[in-house]
$ cat my_file-v1.txt   # compact mmCIF, C-alpha atoms
# COMPACT_ATOMS: atom_id res chain seq x y z
CA MET A 1 136.11 70.19 117.54
CA VAL A 2 133.44 71.45 119.93
CA SER A 3 133.22 75.21 120.20
CA ILE A 4 133.48 76.87 123.58
CA PRO A 5 131.96 80.33 123.98
CA ALA A 6 134.42 83.18 124.30
CA ASN A 7 132.00 84.80 126.74
CA ASP A 8 128.45 84.71 127.97
CA ARG A 9 126.03 87.36 129.08
CA ASN A 10 123.01 86.99 131.31
CA LEU A 11 119.93 88.44 129.59
CA ASP A 12 117.54 87.56 132.40
CA GLY A 13 116.13 90.52 134.31
CA TYR A 14 114.80 88.50 137.23
CA GLY A 15 117.96 87.42 139.02
CA THR A 16 118.19 83.97 137.46
CA PRO A 17 121.81 82.79 137.09
CA VAL A 18 123.58 82.47 133.75
CA ILE A 19 122.68 79.27 131.92
CA GLU A 20 125.77 77.06 131.78
CA TRP A 21 126.97 76.41 128.22
CA SER A 22 127.53 72.75 129.11
CA ARG A 23 123.75 72.33 129.60
CA VAL A 24 122.96 73.90 126.22
CA GLN A 25 125.72 71.89 124.53
CA GLN A 26 124.36 68.68 126.08
CA ARG A 27 120.86 69.46 124.79
CA LEU A 28 122.17 70.18 121.29
CA ASP A 29 124.23 66.98 121.35
CA GLN A 30 121.08 64.98 122.12
CA GLY A 31 119.76 65.95 118.69
CA ILE A 32 117.67 68.84 117.50
CA SER A 33 115.29 67.12 115.09
CA GLN A 34 113.48 63.85 115.41
CA ALA A 35 112.98 61.17 112.79
CA PRO A 36 110.32 61.69 110.10
CA GLY A 37 106.87 60.54 111.13
CA THR A 38 107.34 61.50 114.78
CA GLY A 39 105.24 64.65 114.59
CA GLY A 40 103.12 65.97 117.40
CA PRO A 41 103.91 67.57 120.72
CA GLY A 42 107.20 65.72 121.24
CA ARG A 43 108.69 66.93 117.94
CA HIS A 44 111.27 69.71 117.88
CA THR A 45 111.18 71.53 114.54
CA PRO A 46 114.21 73.67 113.66
CA TRP A 47 113.55 76.78 111.57
CA LEU A 48 116.10 78.37 109.23
CA ALA A 49 115.97 82.12 108.54
CA THR A 50 117.82 83.57 105.55
CA THR A 51 117.57 86.94 103.82
CA ASN A 52 115.88 87.44 100.44
CA PRO A 53 117.58 89.71 97.88
CA ASP A 54 115.12 92.51 98.72
CA GLY A 55 115.99 92.27 102.43
CA ARG A 56 112.84 90.46 103.54
CA PRO A 57 113.31 87.43 105.79
CA HIS A 58 112.72 83.91 104.51
CA VAL A 59 111.96 81.25 107.16
CA VAL A 60 111.46 77.52 106.56
CA PRO A 61 111.60 74.31 108.63
CA VAL A 62 114.73 72.20 108.10
CA GLY A 63 116.23 69.01 109.42
CA ILE A 64 119.36 69.70 111.46
CA VAL A 65 122.22 67.54 112.66
CA TRP A 66 124.36 69.13 115.39
CA THR A 67 127.89 67.78 115.76
CA ASP A 68 131.28 69.16 116.73
CA GLY A 69 129.77 72.51 117.69
CA LYS A 70 128.16 73.13 114.29
CA ALA A 71 124.71 72.75 112.77
CA TYR A 72 124.31 70.95 109.44
CA PHE A 73 121.28 71.12 107.16
CA THR A 74 120.43 70.37 103.53
CA SER A 75 118.81 72.31 100.73
CA GLY A 76 118.25 71.80 97.02
CA PRO A 77 120.15 74.20 94.74
CA GLY A 78 116.93 75.64 93.27
CA THR A 79 115.33 76.52 96.60
CA ARG A 80 114.99 80.05 97.91
CA LYS A 81 117.12 79.23 100.99
CA SER A 82 120.04 77.99 98.85
CA LYS A 83 119.82 81.02 96.58
CA ASN A 84 119.71 83.31 99.62
CA LEU A 85 122.73 81.62 101.20
CA ALA A 86 124.68 81.94 97.95
CA SER A 87 124.27 85.73 98.09
CA ASP A 88 124.39 86.17 101.88
CA PRO A 89 125.65 83.33 104.09
CA HIS A 90 124.37 84.91 107.33
CA CYS A 91 121.50 82.89 108.74
CA THR A 92 119.76 81.87 111.94
CA VAL A 93 118.41 78.53 113.15
CA THR A 94 115.84 78.41 115.94
CA VAL A 95 114.33 75.47 117.78
CA ALA A 96 112.11 75.07 120.84
CA THR A 97 113.08 72.12 123.03
CA GLU A 98 111.81 70.98 126.40
CA GLN A 99 114.75 72.58 128.24
CA PHE A 100 115.56 75.62 126.10
CA ASP A 101 114.40 77.75 123.23
CA ILE A 102 117.63 78.00 121.22
CA VAL A 103 118.71 80.55 118.61
CA ILE A 104 121.90 79.90 116.61
CA GLU A 105 123.26 82.80 114.55
CA GLY A 106 126.19 82.52 112.16
CA GLN A 107 127.28 81.93 108.61
CA ALA A 108 126.55 78.84 106.55
CA SER A 109 128.84 77.45 103.90
CA ARG A 110 128.31 74.61 101.48
CA VAL A 111 130.18 71.38 102.28
CA THR A 112 131.53 69.52 99.24
CA ASP A 113 134.29 67.21 100.48
CA ASP A 114 133.36 63.54 100.39
CA ALA A 115 134.74 62.71 103.84
CA THR A 116 132.53 65.25 105.61
CA LEU A 117 129.55 64.46 103.40
CA GLY A 118 129.94 60.74 104.20
CA ARG A 119 130.21 61.37 107.93
CA LEU A 120 127.14 63.62 107.92
CA ALA A 121 125.16 61.21 105.74
CA GLU A 122 125.72 58.64 108.46
CA LEU A 123 124.56 61.08 111.15
CA PHE A 124 121.43 61.96 109.14
CA SER A 125 120.70 58.23 108.89
CA PHE A 126 120.35 58.15 112.68
CA GLU A 127 117.58 60.75 112.21
CA GLY A 128 115.74 58.42 109.80
CA TRP A 129 117.01 59.76 106.44
CA GLU A 130 119.74 57.80 104.65
CA PRO A 131 121.20 59.84 101.79
CA THR A 132 124.04 58.68 99.59
CA VAL A 133 126.94 60.91 98.58
CA ARG A 134 127.97 61.68 95.02
CA GLU A 135 129.17 64.70 93.08
CA GLY A 136 129.57 66.78 96.25
CA ALA A 137 125.95 66.45 97.38
CA PHE A 138 123.35 64.13 98.90
CA TYR A 139 120.98 61.94 96.92
CA HIS A 140 118.03 59.85 98.09
CA GLU A 141 114.60 58.84 96.83
CA PHE A 142 112.98 61.49 99.05
CA SER A 143 113.60 64.48 101.25
CA ALA A 144 111.44 67.18 102.82
CA PRO A 145 108.74 68.51 100.48
CA SER A 146 110.32 71.98 100.56
CA ALA A 147 113.81 70.69 99.70
CA GLY A 148 113.22 70.46 95.96
CA PRO A 149 114.53 67.58 93.84
CA PRO A 150 117.99 66.07 94.33
CA PRO A 151 120.80 66.81 94.58
CA TRP A 152 120.69 68.31 98.06
CA TYR A 153 123.53 70.51 99.19
CA LEU A 154 124.89 70.14 102.70
CA TYR A 155 125.47 73.38 104.61
CA GLU A 156 127.56 73.87 107.73
CA LEU A 157 126.43 76.63 110.09
CA VAL A 158 129.25 77.80 112.34
CA PRO A 159 127.78 79.71 115.31
CA ASP A 160 128.81 83.29 116.02
CA THR A 161 126.20 83.70 118.73
CA VAL A 162 123.85 81.28 120.52
CA PHE A 163 120.95 82.38 122.70
CA ALA A 164 119.40 79.97 125.21
CA PHE A 165 116.11 80.79 126.89
CA GLY A 166 115.19 78.41 129.70
CA THR A 167 111.78 76.77 129.33
CA ALA A 168 112.02 74.84 132.61
CA GLU A 169 113.41 75.48 136.10
CA PRO A 170 115.62 77.36 136.75
CA PHE A 171 114.67 79.24 133.52
CA GLY A 172 117.00 82.13 132.65
CA ALA A 173 118.24 83.64 129.40
CA THR A 174 121.85 83.72 128.26
CA ARG A 175 123.77 84.91 125.20
CA PHE A 176 126.92 82.99 124.20
CA ASP A 177 129.43 84.64 121.85
CA PHE A 178 131.99 82.50 120.00
$ encode --input "my_file-v1.txt" --output "structure tokens"
Amino acid sequence: MVSIPANDRNLDGYGTPVIEWSRVQQRLDQGISQAPGTGGPGRHTPWLATTNPDGRPHVVPVGIVWTDGKAYFTSGPGTRKSKNLASDPHCTVTVATEQFDIVIEGQASRVTDDATLGRLAELFSFEGWEPTVREGAFYHEFSAPSAGPPPWYLYELVPDTVFAFGTAEPFGATRFDF
């Protein structure tokens, strides 16, 4: 089910109208990441921020699939981001796209049911990575260098707040609360 914001708030101090959620949703639905090997100026790299046990931030690039109003990403169980999420599920994903700089704040939870894992494995395959599902996680011969060895856990980030900052006409800045 696609989430609809409970409210929005214009953050722009220059008289620009509120950014319509439908435009942000459409951009997210187009895909956040691009397939591996498509680096360069056209690439949109999502960044995940979690909190270390001592309160310092931890930020790393991740591959993201956006579907049904949620962001999905993977992480090996031994990585700092997985350990951080186990102790504090609050996190933020940011990405700069051609239309918007987007910030997604919420809580991530590990996905373990085979039906969801299978559906998301298929969606990740459209991004150029084709994991298989077993034992409640993803397996493949490779993943991102920072992901650690398999298995890779799948996390679902349910947005509490999304910020959209226009990077093209008509610009603007809007906060969406869910």
$ closest_residue --input "my_file-v1.txt" --among "A:Arg134, A:Arg119, A:Arg110, A:Arg80" --to "A:Val65" --atoms "only C-alpha atoms"
A:Arg119
$ residues_around --input "my_file-v1.txt" --residues "A:Asn52" --least-positions-apart "6" --cutoff "9 Å" --atoms "all atoms listed in the file" --output "list of chain:residue names"
A:His58, A:Arg80, A:Lys81, A:Lys83, A:Asn84, A:Ser87, A:Asp88
$ residues_around --input "my_file-v1.txt" --residues "A:Phe165" --least-positions-apart "4" --cutoff "12 Å" --atoms "all atoms listed in the file" --output "MDAnalysis selection string"
chainID A and resid 10:12 16:21 23:24 94:104 169:176
$ residues_around --input "my_file-v1.txt" --residues "A:Trp66" --least-positions-apart "5" --cutoff "7 Å" --atoms "only C-alpha atoms" --output "JSON, numbers by chain"
{"A": [28, 29, 31, 71, 72]}
$ residues_around --input "my_file-v1.txt" --residues "stretch 60-63 of chain A" --least-positions-apart "3" --cutoff "6 Å" --atoms "only C-alpha atoms" --output "list in words"
Pro46, Trp47, Leu48 and Phe73 of chain A
$ atom_distance --input "my_file-v1.txt" --atom1 "atom CA of A:Asp160" --atom2 "atom CA of A:Phe178"
5.2 Å
$ axis_aligned_box --input "my_file-v1.txt" --around "stretch 98-110 of chain A" --padding-each-side "3 Å" --output "JSON"
{"center_x": 120.3, "center_y": 76.9, "center_z": 114.9, "size_x": 23.0, "size_y": 17.8, "size_z": 32.8}
$ residues_around --input "my_file-v1.txt" --residues "A:Val111" --least-positions-apart "2" --cutoff "10 Å" --atoms "all atoms listed in the file" --output "list in words"
Tyr72, Thr74, Ala108, Ser109, Asp113, Asp114, Ala115, Thr116, Leu117, Gly136, Ala137, Tyr153, Leu154, Tyr155 and Glu156 of chain A
$ closest_residue --input "my_file-v1.txt" --among "A:Pro57, A:Gly148, A:Thr50, A:Ile64" --to "A:Ala86" --atoms "all atoms listed in the file"
A:Thr50
$ closest_residue --input "my_file-v1.txt" --among "A:Ala147, A:Val162, A:Ala168, A:Ile4" --to "A:Thr79" --atoms "only C-alpha atoms"
A:Ala147
$ atom_distance --input "my_file-v1.txt" --atom1 "atom CA of A:Asn7" --atom2 "atom CA of A:Phe163"
12.0 Å
$ atom_distance --input "my_file-v1.txt" --atom1 "atom CA of A:Pro77" --atom2 "atom CA of A:Trp152"
6.8 Å
$ closest_residue --input "my_file-v1.txt" --among "A:Ser82, A:Glu141, A:Pro159, A:Asp54" --to "A:Trp129" --atoms "all atoms listed in the file"
A:Glu141
$ build_atoms --input "my_file-v1.txt" --residues "stretch 84-99 of chain A" --atoms "N, CA and C atoms" --output "compact mmCIF listing (two decimals), keeping the file's coordinate frame"
# COMPACT_ATOMS: atom_id res chain seq x y z
N ASN A 84 119.41 82.26 98.64
CA ASN A 84 119.71 83.31 99.62
C ASN A 84 121.09 83.12 100.23
N LEU A 85 121.42 81.87 100.59
CA LEU A 85 122.73 81.62 101.20
C LEU A 85 123.87 81.87 100.23
N ALA A 86 123.64 81.67 98.94
CA ALA A 86 124.68 81.94 97.95
C ALA A 86 125.01 83.44 97.89
N SER A 87 124.01 84.28 98.14
CA SER A 87 124.27 85.73 98.09
C SER A 87 124.59 86.33 99.45
N ASP A 88 124.11 85.69 100.53
CA ASP A 88 124.39 86.17 101.88
C ASP A 88 124.40 84.97 102.82
N PRO A 89 125.57 84.53 103.28
CA PRO A 89 125.65 83.33 104.09
C PRO A 89 125.17 83.49 105.53
N HIS A 90 124.88 84.71 105.97
CA HIS A 90 124.37 84.91 107.33
C HIS A 90 122.99 84.29 107.46
N CYS A 91 122.79 83.54 108.53
CA CYS A 91 121.50 82.89 108.74
C CYS A 91 121.32 82.60 110.22
N THR A 92 120.11 82.19 110.56
CA THR A 92 119.76 81.87 111.94
C THR A 92 118.94 80.59 111.95
N VAL A 93 119.23 79.72 112.91
CA VAL A 93 118.41 78.53 113.15
C VAL A 93 117.80 78.68 114.54
N THR A 94 116.51 78.40 114.64
CA THR A 94 115.84 78.41 115.94
C THR A 94 115.14 77.08 116.16
N VAL A 95 115.05 76.69 117.43
CA VAL A 95 114.33 75.47 117.78
C VAL A 95 113.86 75.59 119.23
N ALA A 96 112.65 75.13 119.48
CA ALA A 96 112.11 75.07 120.84
C ALA A 96 112.23 73.64 121.33
N THR A 97 112.95 73.45 122.44
CA THR A 97 113.08 72.12 123.03
C THR A 97 112.44 72.16 124.42
N GLU A 98 112.42 71.03 125.07
CA GLU A 98 111.81 70.98 126.40
C GLU A 98 112.62 71.75 127.44
N GLN A 99 113.93 71.88 127.25
CA GLN A 99 114.75 72.58 128.24
C GLN A 99 115.03 74.04 127.86
